[in-house]
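Shown below: work-v1.tsv, with TSV, C-alpha atoms.
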```tsv
chain	number	residue	atom	x	y	z
A	18	MET	CA	-3.25	-14.62	23.66
A	19	LYS	CA	-1.04	-15.33	26.65
A	20	LYS	CA	2.24	-13.40	26.58
A	21	ARG	CA	5.34	-15.54	26.09
A	22	PRO	CA	9.07	-14.81	25.75
A	23	LEU	CA	10.10	-13.85	22.22
A	24	LYS	CA	12.56	-16.70	21.68
A	25	GLU	CA	10.03	-19.18	23.02
A	26	LEU	CA	7.49	-17.94	20.47
A	27	LEU	CA	10.10	-18.15	17.72
A	28	SER	CA	10.97	-21.72	18.66
A	29	ALA	CA	7.31	-22.73	18.84
A	30	MET	CA	6.51	-21.07	15.52
A	31	TYR	CA	9.18	-23.01	13.64
A	32	GLN	CA	9.29	-26.10	15.87
A	33	GLY	CA	12.84	-25.35	16.96
A	34	LYS	CA	14.16	-25.55	13.38
A	35	PHE	CA	14.89	-21.85	12.96
A	36	ASP	CA	17.47	-19.84	14.86
A	37	PHE	CA	18.09	-16.12	14.46
A	38	PRO	CA	21.18	-15.09	16.47
A	39	GLU	CA	21.05	-11.65	14.85
A	40	LEU	CA	18.29	-10.87	17.32
A	41	ASP	CA	21.04	-10.46	19.93
A	42	THR	CA	23.21	-8.23	17.74
A	43	GLY	CA	20.84	-6.36	15.46
A	44	ASP	CA	23.34	-6.80	12.62
A	45	ILE	CA	21.58	-7.83	9.39
A	46	SER	CA	24.11	-6.33	6.96
A	47	ALA	CA	24.84	-9.75	5.45
A	48	LEU	CA	21.19	-10.72	5.13
A	49	TYR	CA	20.02	-8.47	2.29
A	50	GLU	CA	21.20	-7.06	-1.02
A	51	THR	CA	20.56	-3.64	-2.49
A	52	LYS	CA	19.52	-3.04	-6.10
A	53	ASN	CA	18.60	0.07	-8.04
A	54	TYR	CA	15.27	0.16	-9.85
A	55	ASN	CA	14.32	3.27	-11.81
A	56	GLY	CA	16.61	5.43	-9.74
A	57	ARG	CA	15.61	4.22	-6.28
A	58	LYS	CA	17.22	1.69	-3.97
A	59	ILE	CA	15.35	-1.54	-3.20
A	60	HIS	CA	16.62	-3.69	-0.34
A	61	ILE	CA	15.97	-7.39	-0.90
A	62	PRO	CA	16.18	-9.66	2.18
A	63	ASN	CA	17.50	-13.20	1.85
A	64	LYS	CA	15.44	-16.23	2.83
A	65	LYS	CA	16.56	-16.17	6.45
A	66	LEU	CA	15.67	-12.52	6.98
A	67	LYS	CA	12.35	-12.98	5.16
A	68	ILE	CA	11.43	-15.73	7.61
A	69	PHE	CA	12.22	-13.58	10.62
A	70	HIS	CA	10.38	-10.60	9.13
A	71	SER	CA	7.34	-12.84	8.70
A	72	PHE	CA	7.60	-13.73	12.38
A	73	LEU	CA	7.82	-10.05	13.35
A	74	ASN	CA	4.83	-9.20	11.17
A	75	LEU	CA	2.76	-11.88	12.85
A	76	PHE	CA	3.73	-11.30	16.49
A	77	LEU	CA	4.62	-7.63	16.54
A	78	LEU	CA	3.75	-5.38	13.62
A	79	GLU	CA	0.20	-6.61	13.04
A	80	TYR	CA	-0.56	-5.50	16.60
A	81	LEU	CA	0.47	-1.89	15.96
A	82	GLN	CA	-2.43	0.53	16.09
A	83	THR	CA	-3.55	2.30	12.93
A	84	ASN	CA	-6.57	4.46	12.18
A	85	ASN	CA	-8.62	1.91	10.26
A	86	ASP	CA	-11.27	4.47	9.32
A	87	ILE	CA	-8.67	6.43	7.38
A	88	VAL	CA	-5.86	4.10	6.25
A	89	PHE	CA	-6.58	1.59	3.46
A	90	SER	CA	-3.07	0.52	2.48
A	91	TYR	CA	-1.44	-2.80	3.44
A	92	ARG	CA	-4.49	-4.03	5.35
A	93	LYS	CA	-6.37	-7.28	4.87
A	94	GLY	CA	-9.85	-6.92	3.46
A	95	VAL	CA	-9.48	-3.37	2.12
A	96	ASN	CA	-7.68	-1.79	-0.82
A	97	ALA	CA	-7.24	1.37	-2.86
A	98	VAL	CA	-10.81	1.13	-4.16
A	99	ASP	CA	-12.08	1.59	-0.59
A	100	ALA	CA	-9.85	4.64	-0.14
A	101	VAL	CA	-11.34	6.26	-3.25
A	102	SER	CA	-14.95	5.14	-2.69
A	103	LYS	CA	-15.15	7.29	0.44
A	104	HIS	CA	-15.02	10.33	-1.85
A	105	ALA	CA	-17.45	9.10	-4.50
A	106	HIS	CA	-20.15	11.70	-3.78
A	107	SER	CA	-17.97	14.72	-3.09
A	108	LYS	CA	-17.68	17.71	-5.42
A	109	TYR	CA	-14.27	19.15	-4.55
A	110	PHE	CA	-11.02	17.25	-4.05
A	111	PHE	CA	-7.50	17.84	-2.77
A	112	GLN	CA	-4.85	15.18	-3.26
A	113	THR	CA	-1.15	15.04	-2.50
A	114	ASP	CA	1.52	12.57	-1.49
A	115	ILE	CA	4.34	12.38	1.03
A	116	ASN	CA	7.92	12.92	-0.07
A	117	ASN	CA	10.28	9.91	0.08
A	118	PHE	CA	7.79	8.15	2.32
A	119	PHE	CA	9.42	4.97	3.66
A	120	ASN	CA	12.95	6.38	3.82
A	121	SER	CA	11.77	9.42	5.81
A	122	ILE	CA	10.55	7.17	8.63
A	123	ASP	CA	13.64	6.81	10.80
A	124	ILE	CA	14.77	4.68	13.72
A	125	GLU	CA	13.47	7.17	16.27
A	126	MET	CA	9.95	7.06	14.79
A	127	VAL	CA	9.95	3.25	14.60
A	128	THR	CA	11.21	2.93	18.17
A	129	SER	CA	8.64	5.33	19.62
A	130	THR	CA	5.83	3.64	17.68
A	131	ILE	CA	6.74	0.22	19.08
A	132	PHE	CA	7.02	1.59	22.63
A	133	ASN	CA	3.64	3.34	22.25
A	134	ASN	CA	2.07	-0.06	21.51
A	135	ILE	CA	4.10	-2.12	23.96
A	136	GLY	CA	1.13	-3.39	25.96
A	137	LEU	CA	-0.53	-4.89	22.86
A	138	PHE	CA	2.14	-7.43	21.88
A	139	PRO	CA	1.92	-11.10	22.90
A	140	ILE	CA	5.64	-11.01	23.77
A	141	SER	CA	6.42	-10.85	27.49
A	142	ASP	CA	10.03	-9.65	27.16
A	143	ILE	CA	9.62	-7.39	24.12
A	144	GLU	CA	11.20	-4.35	25.82
A	145	ARG	CA	14.50	-6.19	26.09
A	146	TYR	CA	14.69	-6.70	22.32
A	147	ILE	CA	13.28	-3.44	20.93
A	148	PRO	CA	16.64	-1.77	20.10
A	149	ASN	CA	17.83	-4.76	18.05
A	150	ILE	CA	14.42	-5.36	16.49
A	151	VAL	CA	14.42	-1.78	15.24
A	152	LYS	CA	17.83	-2.41	13.64
A	153	ILE	CA	16.41	-5.54	11.99
A	154	LEU	CA	13.52	-3.51	10.57
A	155	THR	CA	15.65	-0.66	9.17
A	156	VAL	CA	18.54	-0.01	6.81
A	157	ASN	CA	20.80	3.01	7.17
A	158	ASP	CA	18.64	4.27	10.03
A	159	SER	CA	15.37	4.36	8.07
A	160	VAL	CA	12.55	2.10	6.90
A	161	PRO	CA	13.63	0.49	3.61
A	162	VAL	CA	11.71	-0.14	0.43
A	163	GLY	CA	11.68	-3.90	-0.13
A	164	PHE	CA	11.21	-5.29	3.38
A	165	SER	CA	7.82	-6.92	4.02
A	166	THR	CA	7.79	-5.21	7.41
A	167	SER	CA	7.95	-1.65	6.07
A	168	PRO	CA	4.29	-1.25	5.02
A	169	LEU	CA	2.85	-2.09	8.45
A	170	ILE	CA	5.39	0.17	10.14
A	171	SER	CA	4.51	3.05	7.82
A	172	ASN	CA	0.81	2.74	8.61
A	173	ALA	CA	1.41	2.82	12.36
A	174	CYS	CA	4.03	5.58	12.44
A	175	LEU	CA	1.48	8.07	11.09
A	176	LEU	CA	-1.23	7.26	13.64
A	177	SER	CA	-1.03	10.60	15.46
A	178	PHE	CA	-1.04	12.49	12.16
A	179	ASP	CA	-4.02	10.51	10.87
A	180	ASN	CA	-5.95	11.07	14.09
A	181	LYS	CA	-5.24	14.80	14.13
A	182	LEU	CA	-6.17	15.32	10.48
A	183	GLN	CA	-9.27	13.14	10.82
A	184	LYS	CA	-10.47	15.22	13.77
A	185	TYR	CA	-10.00	18.43	11.79
A	186	CYS	CA	-11.78	17.00	8.75
A	187	LEU	CA	-14.75	15.76	10.76
A	188	ALA	CA	-15.12	19.18	12.37
A	189	ASN	CA	-15.13	20.85	8.95
A	190	SER	CA	-17.30	18.40	6.97
A	191	LEU	CA	-14.34	17.04	5.03
A	192	ILE	CA	-13.68	13.44	4.04
A	193	TYR	CA	-10.14	12.10	4.51
A	194	SER	CA	-8.48	8.87	3.42
A	195	ARG	CA	-4.87	7.76	3.06
A	196	TYR	CA	-3.37	5.00	0.96
A	197	SER	CA	0.30	4.63	1.88
A	198	ASP	CA	1.85	7.99	0.94
A	199	ASP	CA	-1.22	9.22	-0.99
A	200	ILE	CA	-3.54	11.62	0.86
A	201	ILE	CA	-7.05	12.47	-0.37
A	202	ILE	CA	-9.40	15.04	1.16
A	203	SER	CA	-12.76	15.95	-0.36
A	204	SER	CA	-15.85	18.01	0.38
A	205	SER	CA	-19.19	19.13	-0.99
A	206	GLU	CA	-18.13	22.75	-0.49
A	207	LYS	CA	-15.07	24.43	-1.97
A	208	ALA	CA	-14.41	26.90	0.82
A	209	SER	CA	-13.94	24.28	3.53
A	210	LEU	CA	-11.36	22.45	1.40
A	211	LEU	CA	-9.10	25.40	0.63
A	212	GLU	CA	-7.42	25.35	4.04
A	213	ALA	CA	-6.86	21.58	3.96
A	214	GLU	CA	-3.50	21.73	2.18
A	215	GLN	CA	-1.97	23.91	4.89
A	216	ARG	CA	-3.44	21.71	7.62
A	217	VAL	CA	-1.89	18.60	6.06
A	218	THR	CA	1.49	20.33	5.89
A	219	THR	CA	1.27	21.58	9.46
A	220	TYR	CA	0.03	18.36	11.05
A	221	LEU	CA	2.56	16.23	9.16
A	222	ALA	CA	5.43	18.40	10.41
A	223	GLU	CA	4.08	18.56	13.98
A	224	ASN	CA	3.46	14.84	14.31
A	225	THR	CA	6.70	13.60	12.72
A	226	ASN	CA	9.15	16.18	14.10
A	227	ASN	CA	9.50	17.72	10.63
A	228	LYS	CA	10.74	14.44	9.14
A	229	LEU	CA	7.89	14.01	6.66
A	230	SER	CA	6.54	16.57	4.21
A	231	ILE	CA	4.12	16.65	1.29
A	232	ASN	CA	5.19	16.76	-2.33
A	233	LEU	CA	4.03	20.19	-3.46
A	234	THR	CA	4.62	19.35	-7.12
A	235	LYS	CA	2.00	16.59	-6.90
A	236	SER	CA	-0.53	18.50	-4.82
A	237	LYS	CA	-3.64	19.48	-6.73
A	238	HIS	CA	-7.23	20.62	-6.36
A	239	THR	CA	-9.95	19.31	-8.69
A	240	GLN	CA	-13.72	19.47	-8.83
A	241	THR	CA	-16.62	17.75	-10.53
A	242	GLY	CA	-17.04	18.88	-14.10
A	243	ASN	CA	-13.42	17.93	-14.65
A	244	LYS	CA	-12.00	14.42	-14.75
A	245	ILE	CA	-11.72	13.17	-11.15
A	246	LYS	CA	-8.79	10.76	-11.04
A	247	LEU	CA	-7.68	9.38	-7.67
A	248	LEU	CA	-5.09	6.63	-7.15
A	249	GLY	CA	-5.33	5.75	-10.84
A	250	MET	CA	-9.11	5.36	-10.66
A	251	VAL	CA	-11.83	7.72	-11.81
A	252	ILE	CA	-15.05	8.81	-10.15
A	253	LEU	CA	-17.81	8.88	-12.74
A	254	PRO	CA	-20.54	11.57	-12.72
A	255	ASN	CA	-22.95	9.09	-11.09
A	256	GLY	CA	-20.52	8.58	-8.17
A	257	LYS	CA	-19.33	5.18	-9.31
A	258	VAL	CA	-15.64	4.34	-9.02
A	259	SER	CA	-14.19	2.83	-12.18
A	260	VAL	CA	-10.92	2.44	-14.06
A	261	ASP	CA	-9.73	5.11	-16.44
A	262	ILE	CA	-11.22	4.91	-19.94
A	263	ARG	CA	-7.69	4.39	-21.25
A	264	PHE	CA	-7.45	1.03	-19.46
A	265	LYS	CA	-10.84	0.00	-20.83
A	266	LYS	CA	-9.85	0.82	-24.40
A	267	GLU	CA	-6.54	-1.04	-23.97
A	268	ALA	CA	-8.37	-4.13	-22.68
A	269	GLU	CA	-10.75	-4.18	-25.63
A	270	VAL	CA	-7.91	-3.77	-28.14
A	271	LYS	CA	-6.06	-6.68	-26.56
A	272	PHE	CA	-9.13	-8.92	-26.59
A	273	HIS	CA	-9.64	-8.08	-30.26
A	274	TYR	CA	-6.06	-8.95	-31.14
A	275	TYR	CA	-6.10	-12.12	-29.04
A	276	LEU	CA	-9.08	-13.37	-31.01
A	277	THR	CA	-7.89	-12.21	-34.45
A	278	ASN	CA	-4.09	-11.88	-34.43
A	279	LYS	CA	-2.03	-13.57	-31.74
A	280	ASP	CA	1.22	-11.99	-32.95
A	281	LYS	CA	-0.26	-8.51	-32.66
A	282	PHE	CA	-1.61	-9.39	-29.20
A	283	THR	CA	1.90	-10.36	-28.11
A	284	GLU	CA	3.38	-7.22	-29.65
A	285	VAL	CA	1.09	-4.80	-27.78
A	286	THR	CA	1.03	-6.73	-24.48
A	287	GLY	CA	4.29	-8.52	-23.70
A	288	SER	CA	7.70	-9.59	-24.95
A	289	ASP	CA	6.51	-13.15	-25.62
A	290	PHE	CA	3.17	-14.95	-25.62
A	291	ASP	CA	3.43	-16.33	-22.09
A	292	SER	CA	4.43	-12.99	-20.59
A	293	ALA	CA	1.64	-11.30	-22.59
A	294	ILE	CA	-0.89	-13.69	-21.06
A	295	GLU	CA	0.54	-13.05	-17.58
A	296	LYS	CA	0.49	-9.29	-17.98
A	297	PHE	CA	-3.01	-9.08	-19.43
A	298	SER	CA	-4.32	-11.40	-16.71
A	299	GLY	CA	-2.96	-8.98	-14.11
A	300	GLN	CA	-4.53	-6.02	-15.88
A	301	LEU	CA	-7.95	-7.70	-15.99
A	302	ASN	CA	-7.74	-8.68	-12.34
A	303	TYR	CA	-7.02	-5.03	-11.49
A	304	ILE	CA	-10.04	-3.90	-13.53
A	305	ASN	CA	-12.15	-6.57	-11.84
A	306	THR	CA	-11.12	-5.31	-8.40
A	307	VAL	CA	-12.06	-1.72	-9.23
A	308	ASP	CA	-15.14	-2.21	-11.41
A	309	PRO	CA	-16.50	-5.78	-11.70
A	310	SER	CA	-19.48	-4.54	-13.74
A	311	TYR	CA	-17.15	-3.59	-16.58
A	312	LEU	CA	-15.91	-7.18	-16.73
A	313	ASP	CA	-19.55	-8.22	-17.24
A	314	LYS	CA	-19.66	-5.94	-20.29
A	315	LEU	CA	-16.50	-7.59	-21.60
A	316	ARG	CA	-18.04	-11.02	-21.04
A	317	LYS	CA	-21.08	-10.04	-23.13
A	318	LYS	CA	-18.88	-8.67	-25.90
A	319	TYR	CA	-16.12	-11.30	-26.05
A	320	GLY	CA	-17.65	-14.27	-24.24
A	321	ALA	CA	-17.57	-15.27	-20.58
A	322	THR	CA	-15.24	-18.19	-21.25
A	323	ILE	CA	-12.42	-16.14	-22.74
A	324	VAL	CA	-12.66	-13.35	-20.15
A	325	ASP	CA	-12.70	-15.78	-17.22
A	326	MET	CA	-9.83	-17.79	-18.66
A	327	PHE	CA	-7.73	-14.63	-18.66
A	328	LEU	CA	-8.85	-13.72	-15.15
A	329	HIS	CA	-7.79	-17.10	-13.83
A	330	LYS	CA	-4.88	-17.47	-16.28
A	331	SER	CA	-6.11	-20.86	-17.45
A	332	ASP	CA	-3.71	-23.33	-19.09
A	333	LYS	CA	-6.24	-23.55	-21.93
A	334	LEU	CA	-5.18	-20.13	-23.21
```
As a first step, turn the structure in this file into structure tokens.
Amino acid sequence: MKKRPLKELLSAMYQGKFDFPELDTGDISALYETKNYNGRKIHIPNKKLKIFHSFLNLFLLEYLQTNNDIVFSYRKGVNAVDAVSKHAHSKYFFQTDINNFFNSIDIEMVTSTIFNNIGLFPISDIERYIPNIVKILTVNDSVPVGFSTSPLISNACLLSFDNKLQKYCLANSLIYSRYSDDIIISSSEKASLLEAEQRVTTYLAENTNNKLSINLTKSKHTQTGNKIKLLGMVILPNGKVSVDIRFKKEAEVKFHYYLTNKDKFTEVTGSDFDSAIEKFSGQLNYINTVDPSYLDKLRKKYGATIVDMFLHKSDKL
């Protein structure tokens, strides 16, 4: 793609119908609201800011480099199942997550990440706008939860960490994958995995100037013979990735009630019938993403028509 000035691209993208003067000020304080959900702040952009964030995703953030062999979050064509499947035939596992992930990524990290990728963008005058763009991507000097731009930024800001940890893992016959703030390392040998936790801690500190750290309370080692649960999925003894047995039992109970007692189905699934249908449809689509073969078992037991109607949330329900 030929490089063009940023405002020219913006005008072409929206046929001259969209103007964003905040690009010259960096002040977006009036363009989002903040709400508290379960004890954490979510920043919700208004329509205008959402449009400009979509533009930045398309012409800037999707060009940021990430380690695609390692990172499976917020990328087209891959998902959490792919992150877990890498470990399907391992015997020993270490998993942890990163403390306060998005909010620990600050303006300095975002700025350096954009400058490190500056030659990749199709914007000819990007350097002129970087300071204000960074302000448009952050709230209170850090990456906010709630902006559509935050996931892509988070992937890219950890590139050096991902590369360093991947190199170490390859040299020590370890398998590494990351899904957002969740880190998984596995191995066929226990000894080689024992040092991994310290390496993760060290590399994360070194490559983020001590801004990011792992959550020690959620760090754990497991091994085959015990239940292997990663990112809400389980690895079965045959190496197949599936959903937890609890989700399977819940699905079968709900199908039973849907066919025999609609009131009971609503009671165990949602606040009203329509929301129950919506919620159960989402649950089945999640199961289908992780383990499509289990949906085939449900089709045989309850009928393909009823299962597929839920999957596609048919009006016939």
Quiz prompt | Spatial neighbours of Pro161 in chain A, 9 Å, all atoms listed in the file, chain gap at least 6 places, as a list in words | solution = Lys58, Ile59, His60, Phe119, Asn120, Ile122, Leu154, Thr155 and Ser167 of chain A
Margin query: Would you pick out the contacts of range 311-323 of chain A at 12 Å or less, using all atoms listed in the file, so that residues sharing its chain but fewer than 6 positions from it are not included, and give the list as a count of residues only?
Written below: 33
Check your understanding: With all atoms listed in the file as the basis for distance, which of A:Asn226, A:Gln112, A:Asn133, A:Asn55 is at the shortest distance from Thr239 in chain A?
Key ->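 Among A:Asn226, A:Gln112, A:Asn133, A:Asn55, it is A:Gln112 that comes nearest to Thr239 in chain A.
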Here CA of Ser288 in chain A and CA of Glu267 in chain A stand apart by 16.6 Å
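With CA of Ile115 in chain A on one side and CA of Ser197 in chain A on the other, the separation reads 8.8 Å.
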- Query: For Lys235 in chain A, which of A:Val251, A:Asn85, A:Pro38, A:Glu214 is the closest residue, counting all atoms listed in the file?
  - Reply: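 So, comparing all the options, the nearest one is A:Glu214.
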| said: Would you pick out the contacts of range 141-153 of chain A at 9 Å or less, using all atoms listed in the file, so that residues sharing its chain but fewer than 3 positions from it are not included, and give the list as a PyMOL selection string? | reply: chain A and resi 19-23+39-45+66+70+73+124+127-128+131-132+135+138+156-158
Give me the box for range 79-85 of chain A as lines of an AutoDock Vina configuration file, namely the centre and edge lengths in Å to one decimal of a box along x, y and z that holds every listed atom plus 3 Å on each side.
```
center_x = -4.1
center_y = -1.1
center_z = 13.4
size_x = 15.1
size_y = 17.1
size_z = 12.3
```
I need every residue sitting at most 12 Å from the point (-12.3, 26.1, -0.6) (coordinates as in the file, all atoms listed in the file considered), written as a VMD selection string.
chain A and resid 108 to 111 189 to 191 202 to 215 238 to 240
Excluding Tyr80 in chain A and any residue of its chain fewer than 5 positions from it, enumerate the residues within 9 Å of it, using all atoms listed in the file, and give them as an MDAnalysis selection string. chainID A and resid 74:75 134 137:139
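Among the candidates A:Asn243, A:Asn84, A:Asn278, A:Asn117, the one nearest to Asp198 in chain A when counting all atoms listed in the file is A:Asn117.
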CA of Asn255 in chain A sits from CA of Ala188 in chain A at a separation of 26.7 Å
Top pick for closest residue to Gln82 in chain A, considering A:Asp114, A:Asp36, A:Glu125, A:Asp179 and counting all atoms listed in the file: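 Among the listed residues, the smallest separation from Gln82 in chain A belongs to A:Asp179.
Remark: for Phe76 in chain A, the closest of the candidate residues A:Thr219, A:Asn224, A:Thr166, A:Asn172 is A:Thr166 (distances computed over all atoms listed in the file).
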Neighbourhood query: residues within 6 Å of (13.0, -14.3, 12.6), file coordinates, counting all atoms listed in the file; return as a list in words. Phe37, Ile68, Phe69, His70 and Phe72 of chain A
Using C-alpha atoms, can you export the residues from the last selection as a tab-separated table (two decimals), keeping the file's coordinate frame?
```
chain	number	residue	atom	x	y	z
A	37	PHE	CA	18.09	-16.12	14.46
A	68	ILE	CA	11.43	-15.73	7.61
A	69	PHE	CA	12.22	-13.58	10.62
A	70	HIS	CA	10.38	-10.60	9.13
A	72	PHE	CA	7.60	-13.73	12.38
```
